[in-house]
2 protein chains.
Amino acid sequence: MDATEDELVAAIARVLSGAGPDVRTSIGDDAAVVQPGVGDLVLAADALIESVHFDRAISSARQIGYRAVVVNVSDIAAMAASPRFALVSLGLAGDVDASWVMQLFGGMREAADEYALSIVGGDLSRAAEVVISITVTGEVTPGGAVLRSGARPGDRLVVTGSLGAAAGGLVLARARGAGRYARSAWAGPLEEALERPTARVGEGRMLARSGATAMMDTSDGLAMDLPRLCAASHVGAELELARVPVAEALIDGADELGVDPLQLALGGGDDYELIAAMPPAAVDDAALELRRAFGVSLAPIGRIIDGMDIVAVAADGSSAPLARGGWDHFRA
Amino acid sequence: MDATEDELVAAIARVLSGAGPDVRTSIGDDAAVVQPGVGDLVLAADALIESVHFDRAISSARQIGYRAVVVNVSDIAAMAASPRFALVSLGLAGDVDASWVMQLFGGMREAADEYALSIVGGDLSRAAEVVISITVTGEVTPGGAVLRSGARPGDRLVVTGSLGAAAGGLVLARARGAGRYARSAWAGPLEEALERPTARVGEGRMLARSGATAMMDTSDGLAMDLPRLCAASHVGAELELARVPVAEALIDGADELGVDPLQLALGGGDDYELIAAMPPAAVDDAALELRRAFGVSLAPIGRIIDGMDIVAVAADGSSAPLARGGWDHFRA
């Protein structure tokens with residue numbers, strides 16, 4: 001590191017300056033002091049770790065910083081809450097210089113501005129690899145958070161947007177790292193999905209107002225996350241494979257990439273779409289409102305059933321237990 | 001890792017069960033939902049990183065977990081706030097097993113119980129080394145936080161408890177690792193200071209009520225932290241070296257350990273005492289109350305002066321600029 005800790009903190013404070021009126025004291029004290037909202041306080045923490053979640057040879061510091069904030073905001077969105085404040089705890093490998101750190105915070109600042117979030121503190125340390133641990137606080141009307149545990153048999157299962165593009169982007173980035181692939185029309189959207197994900201903050205709040213009984217984000221892939229929602233709700237689910245909204249760019253590039261698009265849509269992580277359960281009567285209106293307000297689709301992909309089975313139903317009506325092909329942080 | 005992520009999360013949730021009535025939803029959802037207090041919200045994050053802050057060969061998982069919580073609570077204490085909720089973001093090296101993780105959370109739980117703190121969430125990931133990133137939220141009466149920036153020329157400088165024992169404990173632990181030293185009377189207190197630090201929560205609130213104008217904890221050592229407090233307040237300070245409260249066990253063991261106790265008291269980290277500035281007239285009462293309520297001493301160690309100099313005054317009245325011998329996370 002080509003700066004002392006205090007020099008780096010001062011430089012970061014400059015990049016992040018301009019915190020809102022709710023912030024009494026920010027970076028540079030033992031802790032930040034902010035005014036809480038009137039609703040419930042929502043707290044989420046998510047770390048991006050170099051050997052697991054990103055590659056400095058593939059992604060720029062700015063992209064990594066942007067993504068690190070968005071994945072945390074997505075956890076707040078999944079509760080139907082609004083993001084408010086963030087803390088960043090950073091472990092820096094010895095070969096990282098101050099300019100890389102400033103770019104990282106530049107990307108974080110960009111995402112924070114986009115989601116009306118103030119980065120108010122954190123800490124810095126050396127580490128064997130780069131570790132970016134972020135905590136985001138959010139606010140939601142008292143009792144208004146949508147948990148994973150409220151799904152009831154008979155509910156429809158819905159998902160926002162489309163799935164698999166980020167996983168396709170990762171396959172593409174790795175193949176490019178190995179020297180394969182020229183630029184194709186489908187490549188841009190896959191790269192963007194991986195490097196600049198979107199957190200569904202407004203969509204989450206709207207799904208809550210539409211009557212969502214349970215909700216979570218798809219950060220680890222539908223095949224891993226749907227069973228988690230079902231386990232929390234003590235229910236099962238039928239997933240209609242033909243209705244899973246596979247990202248178009250992934251379908252376009254699948255042959256060249258040598259991947260099965262449905263498998264990536266089910267098993268790939270990093271999509272940050274929302275899956276929710278809601279009464280069947282609420283789905284059409286919710287889809288219309290989501291389309292109108294955000295230009296985002298809402299796909300009905302199955303239903304909640306009694307019991308504990310998670311069943312994948314194929315287009316021909318045959319069914320089988322859903323393979324848990326998603327992202328496990330230890331087994332992957 | 002000998003467990004899946006979901007199995008580990010379930011086991012951790014059992015260790016941490018029993019969250020208070022303010023917790024609407026805890027571990028196992030995308031985020032935690034809690035009821036905020038009526039005061040200002042205080043937010044602090046601090047990471048313990050294996051290659052920098054602890055050694056699994058020296059400290060048990062339980063000790064590491066306990067300490068990881070206390071160092072965060074200390075940041076809340078330094079604002080004169082009370083700890084409320086914590087999130088734990090954990091990166092786990094490949095050779096860590098589930099039982100080590102359970103012991104780690106056992107130690108965290110113990111510290112959390114001691115400081116009336118609820119651990120309500122976090123995340124897990126693989127990592128190249130063990131990384132424990134904790135965020136603690138606290139509560140303080142609106143506008144009641146004591147910042148680093150309020151010290152005024154003429155204020156007395158005070159410090160709670162004594163300094164240097166944790167740094168002495170680290171020297172001892174390393175020497176023991178090299179096969180030296182049998183058990184001595186002074187060894188126990190040094191080990192305890194390193195492995196079971198105390199966060200001065202009640203003391204911080206009492207110093208605020210006594211009129212502290214600026215406050216921080218001594219986590220990086222007085223010689224590093226005092227200049228930070230002065231810089232934030234745009235003031236200088238005179239530090240009377242003869243009044244620095246060096247830990248007794250460190251004085252007793254200094255010869256055998258081959259260290260200069262005053263140098264460790266000034267430059268060693270991990271003490272988690274509070275340094276504060278306050279009007280001279282307030283010091284005696286504050287010291288009496290601290291002694292009465294907590295059995296903790298309060299030493300006047302100098303005064304705040306105009307300008308930017310941090311001056312060390314020796315017993316013979318000679319003075320020199322204070323050497324910044326504390327703990328820099330990058331230069332150390």
# chains A, B, ... in the order shown; residues from 1 in each chain; ligands from 1
>>> residues_around(residues="A:Arg126", least_positions_apart="2", cutoff="9 Å", atoms="only C-alpha atoms", output="list in words")
Met1, Leu90, Gly91, Leu92, Ala93, Gly94, Leu124, Ala128, Glu129 and Val130 of chain A; Ile49, Ser51, Val52, His329 and Phe330 of chain B
>>> residues_around(residues="B:Val235", least_positions_apart="2", cutoff="9 Å", atoms="only C-alpha atoms", output="list in words")
Ala151, Arg152, Pro153, Leu229, Cys230, Ala231, Ala232, Ser233, Ala237, Ile304, Ile305, Asp306, Gly307, Met308, Asp309 and Ile310 of chain B
>>> select_by_dssp(residues="stretch 98-208 of chain B", states="strand (DSSP E or B)", output="list in words")
Ser118, Ile119, Val120, Gly121, Gly122, Asp123, Leu124, Ser125, Arg126, Val131, Ile132, Ser133, Ile134, Thr135, Val136, Thr137, Gly138, Glu139, Val140, Arg156, Leu157, Val158, Val159, Thr160 and Leu163 of chain B
>>> write_last_selection(atoms="C-alpha atoms", output="short mmCIF file (atom, residue, chain, number, x, y, z; two decimals), in the first residue's frame")
data_model
loop_
_atom_site.label_atom_id
_atom_site.label_comp_id
_atom_site.auth_asym_id
_atom_site.auth_seq_id
_atom_site.Cartn_x
_atom_site.Cartn_y
_atom_site.Cartn_z
CA SER B 118 -28.37 -9.34 19.66
CA ILE B 119 -26.55 -10.97 16.74
CA VAL B 120 -29.27 -10.92 14.08
CA GLY B 121 -27.66 -11.85 10.79
CA GLY B 122 -24.71 -11.87 8.44
CA ASP B 123 -23.33 -14.06 5.71
CA LEU B 124 -20.89 -16.88 5.09
CA SER B 125 -18.39 -17.46 2.37
CA ARG B 126 -15.22 -19.30 1.55
CA VAL B 131 -12.08 -12.98 7.94
CA ILE B 132 -14.55 -11.89 10.62
CA SER B 133 -16.32 -8.66 9.66
CA ILE B 134 -18.76 -7.43 12.27
CA THR B 135 -21.13 -4.49 12.21
CA VAL B 136 -22.70 -3.30 15.45
CA THR B 137 -25.53 -0.83 15.71
CA GLY B 138 -26.00 1.26 18.80
CA GLU B 139 -28.35 3.78 20.23
CA VAL B 140 -27.72 7.14 21.85
CA ARG B 156 -7.98 18.01 30.32
CA LEU B 157 -7.08 14.76 28.62
CA VAL B 158 -8.12 11.60 30.49
CA VAL B 159 -7.91 7.86 29.89
CA THR B 160 -9.80 5.00 31.54
CA LEU B 163 -2.60 0.75 28.91
#
>>> interface_residues(of="chain B", to="chain A", cutoff="6 Å", atoms="only C-alpha atoms", output="ChimeraX atom specification")
/B:30-36,40-46,75,122-123,125-126,329-330
>>> write_last_selection(atoms="N, CA, C and O atoms", output="CSV table (one decimal), in the first residue's frame")
chain,number,residue,atom,x,y,z
B,30,ASP,N,-33.2,-12.8,4.0
B,30,ASP,CA,-32.3,-12.0,3.2
B,30,ASP,C,-31.6,-10.9,4.1
B,30,ASP,O,-30.5,-10.5,3.9
B,31,ALA,N,-32.4,-10.4,5.1
B,31,ALA,CA,-31.9,-9.4,6.0
B,31,ALA,C,-32.7,-9.6,7.3
B,31,ALA,O,-33.7,-10.3,7.4
B,32,ALA,N,-32.1,-8.9,8.4
B,32,ALA,CA,-32.8,-8.9,9.7
B,32,ALA,C,-33.7,-7.7,9.8
B,32,ALA,O,-33.5,-6.7,9.1
B,33,VAL,N,-34.8,-7.9,10.5
B,33,VAL,CA,-35.7,-6.8,10.7
B,33,VAL,C,-35.9,-6.6,12.2
B,33,VAL,O,-36.2,-7.5,13.0
B,34,VAL,N,-35.5,-5.4,12.7
B,34,VAL,CA,-35.5,-5.0,14.1
B,34,VAL,C,-36.3,-3.7,14.3
B,34,VAL,O,-36.4,-2.9,13.4
B,35,GLN,N,-36.7,-3.5,15.6
B,35,GLN,CA,-37.2,-2.2,15.9
B,35,GLN,C,-36.1,-1.3,16.4
B,35,GLN,O,-35.4,-1.6,17.3
B,36,PRO,N,-36.0,-0.1,15.7
B,36,PRO,CA,-34.9,0.8,16.1
B,36,PRO,C,-35.4,1.5,17.4
B,36,PRO,O,-36.5,1.4,17.8
B,40,ASP,N,-30.6,8.4,18.3
B,40,ASP,CA,-29.8,8.4,17.1
B,40,ASP,C,-29.3,6.9,16.9
B,40,ASP,O,-29.1,6.2,17.9
B,41,LEU,N,-29.1,6.6,15.7
B,41,LEU,CA,-28.6,5.3,15.3
B,41,LEU,C,-27.1,5.4,15.1
B,41,LEU,O,-26.6,6.2,14.3
B,42,VAL,N,-26.4,4.5,15.8
B,42,VAL,CA,-24.9,4.5,15.7
B,42,VAL,C,-24.5,3.3,15.0
B,42,VAL,O,-25.0,2.2,15.3
B,43,LEU,N,-23.5,3.4,14.0
B,43,LEU,CA,-23.1,2.3,13.2
B,43,LEU,C,-21.6,2.2,13.1
B,43,LEU,O,-20.9,3.1,12.8
B,44,ALA,N,-21.1,1.0,13.5
B,44,ALA,CA,-19.7,0.8,13.5
B,44,ALA,C,-19.4,-0.6,12.9
B,44,ALA,O,-20.1,-1.6,13.1
B,45,ALA,N,-18.3,-0.7,12.1
B,45,ALA,CA,-17.9,-1.9,11.5
B,45,ALA,C,-16.4,-2.1,11.7
B,45,ALA,O,-15.6,-1.2,11.6
B,46,ASP,N,-16.0,-3.3,12.1
B,46,ASP,CA,-14.6,-3.6,12.3
B,46,ASP,C,-14.3,-5.1,12.0
B,46,ASP,O,-15.1,-5.9,12.4
B,75,ASP,N,-16.2,0.5,19.8
B,75,ASP,CA,-16.5,1.6,18.9
B,75,ASP,C,-17.8,2.3,19.2
B,75,ASP,O,-17.9,3.5,19.1
B,122,GLY,N,-26.0,-11.9,9.0
B,122,GLY,CA,-24.7,-11.9,8.4
B,122,GLY,C,-24.6,-12.7,7.2
B,122,GLY,O,-25.7,-13.0,6.6
B,123,ASP,N,-23.4,-13.1,6.8
B,123,ASP,CA,-23.3,-14.1,5.7
B,123,ASP,C,-22.0,-14.9,5.8
B,123,ASP,O,-21.2,-14.6,6.6
B,125,SER,N,-19.0,-17.2,3.7
B,125,SER,CA,-18.4,-17.5,2.4
B,125,SER,C,-17.1,-18.2,2.6
B,125,SER,O,-16.6,-18.2,3.7
B,126,ARG,N,-16.6,-18.8,1.5
B,126,ARG,CA,-15.2,-19.3,1.5
B,126,ARG,C,-14.3,-18.1,1.5
B,126,ARG,O,-14.7,-17.0,1.0
B,329,HIS,N,-2.5,-0.1,10.1
B,329,HIS,CA,-2.9,-1.4,9.5
B,329,HIS,C,-2.1,-1.7,8.2
B,329,HIS,O,-2.1,-2.9,7.8
B,330,PHE,N,-1.5,-0.7,7.6
B,330,PHE,CA,-0.7,-1.0,6.4
B,330,PHE,C,0.8,-1.0,6.6
B,330,PHE,O,1.5,-1.8,6.0
>>> atom_distance(atom1="atom CA of B:Leu322", atom2="atom CA of B:Leu264")
13.8 Å
>>> atom_distance(atom1="atom CA of B:Asp155", atom2="atom CA of B:Pro279")
4.6 Å
>>> atom_distance(atom1="atom CA of B:Tyr66", atom2="atom CA of B:Met108")
4.6 Å
>>> select_by_dssp(residues="stretch 246-287 of chain A", states="alpha helix (DSSP H)", output="list in words")
Glu248, Ala249, Leu250, Ile251, Asp252, Gly253, Ala254, Asp255, Glu256, Leu257, Pro261, Leu262, Gln263, Leu264, Ala265, Leu266, Gly267, Val283, Asp284, Asp285, Ala286 and Ala287 of chain A
>>> residues_around(residues="A:Ala223", least_positions_apart="3", cutoff="10 Å", atoms="only C-alpha atoms", output="PyMOL selection string")
chain A and resi 218+220+226-228+239+263-269+310+312+322-327
>>> write_last_selection(atoms="N, CA and C atoms", output="mmCIF file, in the first residue's frame")
data_model
loop_
_atom_site.group_PDB
_atom_site.id
_atom_site.type_symbol
_atom_site.label_atom_id
_atom_site.label_comp_id
_atom_site.auth_asym_id
_atom_site.auth_seq_id
_atom_site.Cartn_x
_atom_site.Cartn_y
_atom_site.Cartn_z
ATOM 1 N N THR A 218 -32.610 -13.766 -5.814
ATOM 2 C CA THR A 218 -32.104 -15.012 -6.404
ATOM 3 C C THR A 218 -30.582 -14.998 -6.489
ATOM 4 N N ASP A 220 -28.196 -16.705 -5.254
ATOM 5 C CA ASP A 220 -27.478 -17.970 -5.398
ATOM 6 C C ASP A 220 -28.077 -18.880 -6.471
ATOM 7 N N LEU A 226 -35.046 -21.122 -4.230
ATOM 8 C CA LEU A 226 -36.451 -21.522 -4.065
ATOM 9 C C LEU A 226 -36.624 -22.514 -2.913
ATOM 10 N N PRO A 227 -35.758 -23.548 -2.817
ATOM 11 C CA PRO A 227 -35.896 -24.447 -1.657
ATOM 12 C C PRO A 227 -35.718 -23.727 -0.320
ATOM 13 N N ARG A 228 -34.925 -22.663 -0.280
ATOM 14 C CA ARG A 228 -34.745 -21.913 0.967
ATOM 15 C C ARG A 228 -36.029 -21.189 1.345
ATOM 16 N N LEU A 239 -42.364 -26.081 -9.800
ATOM 17 C CA LEU A 239 -41.738 -25.102 -10.684
ATOM 18 C C LEU A 239 -41.975 -25.541 -12.128
ATOM 19 N N GLN A 263 -30.339 -24.522 -17.676
ATOM 20 C CA GLN A 263 -29.536 -24.932 -16.520
ATOM 21 C C GLN A 263 -28.856 -23.731 -15.856
ATOM 22 N N LEU A 264 -28.347 -22.811 -16.673
ATOM 23 C CA LEU A 264 -27.730 -21.611 -16.096
ATOM 24 C C LEU A 264 -28.781 -20.742 -15.411
ATOM 25 N N ALA A 265 -29.967 -20.654 -16.022
ATOM 26 C CA ALA A 265 -31.033 -19.836 -15.425
ATOM 27 C C ALA A 265 -31.462 -20.415 -14.077
ATOM 28 N N LEU A 266 -31.426 -21.732 -13.943
ATOM 29 C CA LEU A 266 -31.812 -22.370 -12.680
ATOM 30 C C LEU A 266 -30.663 -22.383 -11.680
ATOM 31 N N GLY A 267 -29.458 -22.676 -12.186
ATOM 32 C CA GLY A 267 -28.354 -22.957 -11.269
ATOM 33 C C GLY A 267 -27.352 -21.838 -11.111
ATOM 34 N N GLY A 268 -27.383 -20.856 -12.006
ATOM 35 C CA GLY A 268 -26.400 -19.779 -11.932
ATOM 36 C C GLY A 268 -26.780 -18.774 -10.869
ATOM 37 N N GLY A 269 -25.803 -18.125 -10.304
ATOM 38 C CA GLY A 269 -26.085 -17.129 -9.280
ATOM 39 C C GLY A 269 -25.977 -15.722 -9.816
ATOM 40 N N ILE A 310 -39.940 -30.064 -3.676
ATOM 41 C CA ILE A 310 -39.743 -29.038 -4.690
ATOM 42 C C ILE A 310 -39.676 -29.791 -6.013
ATOM 43 N N ALA A 312 -39.900 -30.099 -10.197
ATOM 44 C CA ALA A 312 -39.753 -29.423 -11.484
ATOM 45 C C ALA A 312 -40.681 -30.103 -12.485
ATOM 46 N N LEU A 322 -36.607 -31.140 -8.158
ATOM 47 C CA LEU A 322 -35.705 -30.112 -8.675
ATOM 48 C C LEU A 322 -34.291 -30.386 -8.164
ATOM 49 N N ALA A 323 -33.341 -30.466 -9.097
ATOM 50 C CA ALA A 323 -31.945 -30.654 -8.687
ATOM 51 C C ALA A 323 -31.444 -29.366 -8.059
ATOM 52 N N ARG A 324 -30.788 -29.494 -6.891
ATOM 53 C CA ARG A 324 -30.293 -28.276 -6.218
ATOM 54 C C ARG A 324 -28.964 -27.856 -6.816
ATOM 55 N N GLY A 325 -29.021 -27.271 -7.989
ATOM 56 C CA GLY A 325 -27.796 -26.971 -8.718
ATOM 57 C C GLY A 325 -27.233 -25.596 -8.474
ATOM 58 N N GLY A 326 -27.744 -24.861 -7.519
ATOM 59 C CA GLY A 326 -27.306 -23.470 -7.323
ATOM 60 C C GLY A 326 -25.958 -23.368 -6.643
ATOM 61 N N TRP A 327 -25.693 -22.222 -6.143
ATOM 62 C CA TRP A 327 -24.393 -21.835 -5.647
ATOM 63 C C TRP A 327 -24.310 -22.043 -4.153
#
>>> residues_around(residues="A:Ala286", least_positions_apart="4", cutoff="10 Å", atoms="only C-alpha atoms", output="count of residues only")
17
